[in-house]
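J.: Encoded as structure tokens, here's the structure I'll be asking about.
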Amino acid sequence: MFCSHEKLNLSIDNKTSVILFPHPYFEVTGILHQPKLTLFISFAILVLQHSNDAAAQRALFVFGDSLVDVGNNNFLNSIAKSNYFPYGIDFNMQPTGRFSNGKTFVDIIGEMLSLPYPSAFADPNTRGVKLLGGVNYASAAAGILDESGQHYGQRYILSQEVLNFETTLDQLRTMMGRDNLKNFLGKSVAVLVFGSNDYINNYLLPSINSSSFTY
């Protein structure tokens with residue numbers, strides 16, 4: 001039986017591991033075959049290459065919503081911001097743009113992989129060598145559907161985050177060349193965290209959005 005905060009490490013082969021994190025708000029109430037099992041896997045990440053050389057080259061690219069936003073919305077015309085206390089009170093004692101009192105779970109994943117915290121894409125300082133540690137494209141109120149969270153104002157929806165990623169790729173390609181970029185990305189990690197706003201700030205708001213009548 002697994003507890004709600006247990007980390008599961010599964011070895012697939014000599015170069016690949018899967019790290020599964022059950023959602024902290026759900027608990028397993030029985031063994032795997034019982035119908036009352038409520039195990040909710042909230043994150044699965046494939047980490048390739050475990051040599052020291054590969055580890056030095058890996059980067060973390062984060063896509064998502066407020067669960068993993070590290071300040072992109074602070075640079076956008078949005079009311080979905082976390083640039084005030086008590087946000088960040090346990091992270092350098094000041095707001096960091098994260099919708100958390102401290103680190104996000106992606107921050108912790110990065111620490112486990114010895115990766116730096118990726119800078120927010122919208123931050124003008126996210127350029128040059130900073131890109132080599134990865135970039136965070138996540139934006140509070142963002143959803144998979146374009147209209148999700150639109151009542152909060154400007155945000156990077158999923159399709160825009162992909163376009164922002166392409167902008168980063170263009171910059172990296174200029175810095176290191178096409179072949180080196182391919183190798184660099186092959187040793188990097190991408191995390192996507194989406195879906196909640198498509199329910200909370202779309203489907204469940206029929207007065208604003210029509211998705212509940214469509215689906």
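Labels for the structure tokens follow display order: chains A, B, ..., residues from 1 in each chain, ligands from 1.
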Just want the 10 Å neighbourhood of Val129 (chain A), counted on only C-alpha atoms, with same-chain residues fewer than 4 positions away dropped. Output as a ChimeraX atom specification.
T.: /A:133-134,172,175
J.: Tell me, as a ChimeraX atom specification, which residues lie within 9 Å of region 73-76 of chain A, counting only C-alpha atoms; anything in the same chain fewer than 5 positions away does not count.
T.: /A:81-83,97,122-123,138-140,153-156
J.: With a distance cut-off of 6 Å and only C-alpha atoms, select the neighbouring residues of region 57-63 of chain A, excluding the residue or stretch itself and same-chain residues fewer than 2 positions from it, and output the selection as number ranges by chain.
T.: A: 54-55, 133-138, 187-192
J.: How would the residues just chosen look if you wrote them out with N, CA, C and O atoms as an mmCIF file, in the first residue's frame?
T.:
data_model
loop_
_atom_site.group_PDB
_atom_site.id
_atom_site.type_symbol
_atom_site.label_atom_id
_atom_site.label_comp_id
_atom_site.auth_asym_id
_atom_site.auth_seq_id
_atom_site.Cartn_x
_atom_site.Cartn_y
_atom_site.Cartn_z
ATOM 1 N N ALA A 54 26.138 14.088 -19.168
ATOM 2 C CA ALA A 54 24.769 14.383 -19.603
ATOM 3 C C ALA A 54 24.069 15.287 -18.605
ATOM 4 O O ALA A 54 23.339 16.193 -18.965
ATOM 5 N N ALA A 55 24.321 15.024 -17.314
ATOM 6 C CA ALA A 55 23.659 15.810 -16.285
ATOM 7 C C ALA A 55 24.045 17.282 -16.392
ATOM 8 O O ALA A 55 23.252 18.170 -16.118
ATOM 9 N N GLY A 133 19.845 26.707 -18.958
ATOM 10 C CA GLY A 133 19.285 25.982 -17.824
ATOM 11 C C GLY A 133 17.823 25.638 -18.016
ATOM 12 O O GLY A 133 17.213 25.002 -17.164
ATOM 13 N N GLY A 134 17.260 26.068 -19.147
ATOM 14 C CA GLY A 134 15.845 25.823 -19.404
ATOM 15 C C GLY A 134 15.029 27.094 -19.234
ATOM 16 O O GLY A 134 15.541 28.126 -18.786
ATOM 17 N N VAL A 135 13.766 27.010 -19.575
ATOM 18 C CA VAL A 135 12.866 28.163 -19.505
ATOM 19 C C VAL A 135 11.506 27.709 -19.000
ATOM 20 O O VAL A 135 11.053 26.602 -19.304
ATOM 21 N N ASN A 136 10.873 28.551 -18.220
ATOM 22 C CA ASN A 136 9.526 28.279 -17.730
ATOM 23 C C ASN A 136 8.531 29.144 -18.509
ATOM 24 O O ASN A 136 8.628 30.373 -18.496
ATOM 25 N N TYR A 137 7.595 28.502 -19.191
ATOM 26 C CA TYR A 137 6.602 29.194 -20.016
ATOM 27 C C TYR A 137 5.222 29.238 -19.351
ATOM 28 O O TYR A 137 4.279 29.797 -19.901
ATOM 29 N N ALA A 138 5.094 28.652 -18.168
ATOM 30 C CA ALA A 138 3.799 28.502 -17.511
ATOM 31 C C ALA A 138 3.163 29.840 -17.172
ATOM 32 O O ALA A 138 3.855 30.804 -16.830
ATOM 33 N N LYS A 187 18.790 15.653 -24.167
ATOM 34 C CA LYS A 187 19.183 15.421 -22.780
ATOM 35 C C LYS A 187 18.422 16.335 -21.814
ATOM 36 O O LYS A 187 18.783 16.437 -20.648
ATOM 37 N N SER A 188 17.410 17.005 -22.323
ATOM 38 C CA SER A 188 16.624 17.918 -21.503
ATOM 39 C C SER A 188 15.311 17.269 -21.076
ATOM 40 O O SER A 188 14.928 16.220 -21.577
ATOM 41 N N VAL A 189 14.633 17.929 -20.144
ATOM 42 C CA VAL A 189 13.370 17.435 -19.597
ATOM 43 C C VAL A 189 12.277 18.467 -19.848
ATOM 44 O O VAL A 189 12.493 19.666 -19.646
ATOM 45 N N ALA A 190 11.136 18.015 -20.309
ATOM 46 C CA ALA A 190 9.977 18.892 -20.518
ATOM 47 C C ALA A 190 8.844 18.465 -19.602
ATOM 48 O O ALA A 190 8.560 17.272 -19.467
ATOM 49 N N VAL A 191 8.213 19.430 -18.967
ATOM 50 C CA VAL A 191 7.105 19.176 -18.041
ATOM 51 C C VAL A 191 5.889 19.971 -18.502
ATOM 52 O O VAL A 191 6.001 21.167 -18.790
ATOM 53 N N LEU A 192 4.746 19.325 -18.597
ATOM 54 C CA LEU A 192 3.492 19.989 -18.965
ATOM 55 C C LEU A 192 2.470 19.774 -17.866
ATOM 56 O O LEU A 192 2.218 18.632 -17.461
#
J.: Give the strand (DSSP E or B) residues of region 65-212 of chain A, as DSSP finds them on the backbone, and put them as a list of chain:residue names.
T.: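 Written out, the strand (DSSP E or B) residues of region 65-212 of chain A are A:Ser78, A:Ser119, A:Ala120, A:Val135, A:Asn136, A:Gly153, A:Val189, A:Ala190, A:Val191, A:Leu192, A:Val193.
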J.: Kindly save the residues from that selection, with N, CA and C atoms included, as an mmCIF file, in the first residue's frame.
T.:
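This went into result.cif:
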data_model
loop_
_atom_site.group_PDB
_atom_site.id
_atom_site.type_symbol
_atom_site.label_atom_id
_atom_site.label_comp_id
_atom_site.auth_asym_id
_atom_site.auth_seq_id
_atom_site.Cartn_x
_atom_site.Cartn_y
_atom_site.Cartn_z
ATOM 1 N N SER A 78 -2.614 40.987 -16.550
ATOM 2 C CA SER A 78 -3.478 39.957 -15.989
ATOM 3 C C SER A 78 -3.770 40.261 -14.526
ATOM 4 N N SER A 119 14.116 30.166 -15.635
ATOM 5 C CA SER A 119 13.605 31.535 -15.549
ATOM 6 C C SER A 119 12.312 31.684 -16.335
ATOM 7 N N ALA A 120 11.504 32.660 -15.940
ATOM 8 C CA ALA A 120 10.250 32.933 -16.636
ATOM 9 C C ALA A 120 10.525 33.459 -18.034
ATOM 10 N N VAL A 135 13.766 27.010 -19.575
ATOM 11 C CA VAL A 135 12.866 28.163 -19.505
ATOM 12 C C VAL A 135 11.506 27.709 -19.000
ATOM 13 N N ASN A 136 10.873 28.551 -18.220
ATOM 14 C CA ASN A 136 9.526 28.279 -17.730
ATOM 15 C C ASN A 136 8.531 29.144 -18.509
ATOM 16 N N GLY A 153 -7.743 38.063 -17.998
ATOM 17 C CA GLY A 153 -6.914 38.941 -18.812
ATOM 18 C C GLY A 153 -5.868 38.167 -19.591
ATOM 19 N N VAL A 189 14.633 17.929 -20.144
ATOM 20 C CA VAL A 189 13.370 17.435 -19.597
ATOM 21 C C VAL A 189 12.277 18.467 -19.848
ATOM 22 N N ALA A 190 11.136 18.015 -20.309
ATOM 23 C CA ALA A 190 9.977 18.892 -20.518
ATOM 24 C C ALA A 190 8.844 18.465 -19.602
ATOM 25 N N VAL A 191 8.213 19.430 -18.967
ATOM 26 C CA VAL A 191 7.105 19.176 -18.041
ATOM 27 C C VAL A 191 5.889 19.971 -18.502
ATOM 28 N N LEU A 192 4.746 19.325 -18.597
ATOM 29 C CA LEU A 192 3.492 19.989 -18.965
ATOM 30 C C LEU A 192 2.470 19.774 -17.866
ATOM 31 N N VAL A 193 1.887 20.878 -17.374
ATOM 32 C CA VAL A 193 0.883 20.816 -16.305
ATOM 33 C C VAL A 193 -0.314 21.655 -16.731
#
J.: Using DSSP on the backbone coordinates, identify all residues within region 33-166 of chain A classified as alpha helix (DSSP H); present the result as a CSV table (one decimal) with C-alpha atoms, in the first residue's frame.
T.:
chain,number,residue,atom,x,y,z
A,52,ASN,CA,27.9,13.2,-15.2
A,53,ASP,CA,28.5,14.7,-18.7
A,54,ALA,CA,24.8,14.4,-19.6
A,55,ALA,CA,23.7,15.8,-16.3
A,56,ALA,CA,25.8,18.9,-16.9
A,57,GLN,CA,24.0,19.6,-20.2
A,105,PHE,CA,6.8,20.7,-7.2
A,106,VAL,CA,8.7,21.4,-10.4
A,107,ASP,CA,11.3,23.3,-8.4
A,108,ILE,CA,11.7,20.2,-6.3
A,109,ILE,CA,12.0,17.9,-9.4
A,110,GLY,CA,14.7,20.2,-10.7
A,111,GLU,CA,16.6,20.0,-7.5
A,112,MET,CA,16.4,16.2,-7.5
A,158,LEU,CA,-1.0,26.3,-24.4
A,159,SER,CA,-0.7,27.2,-28.1
A,160,GLN,CA,1.1,30.4,-27.2
A,161,GLU,CA,3.5,28.6,-24.8
A,162,VAL,CA,4.5,26.4,-27.7
A,163,LEU,CA,5.2,29.4,-29.8
A,164,ASN,CA,7.2,30.9,-27.0
A,165,PHE,CA,9.2,27.7,-26.9
A,166,GLU,CA,9.9,28.0,-30.6
J.: Can you pull out the residues contacting region 209-212 of chain A? Cut-off 10 Å, using only C-alpha atoms, and skip same-chain residues under 2 positions away; I want them as a PyMOL selection string.
T.: chain A and resi 145+147-151+198-199+201-207+214-215
J.: Can you work out the spacing between CA of Pro118 (chain A) and CA of Asn180 (chain A) in Å, to one decimal?
T.: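 If I compute the distance from CA of Pro118 (chain A) to CA of Asn180 (chain A), I get 20.0 Å.
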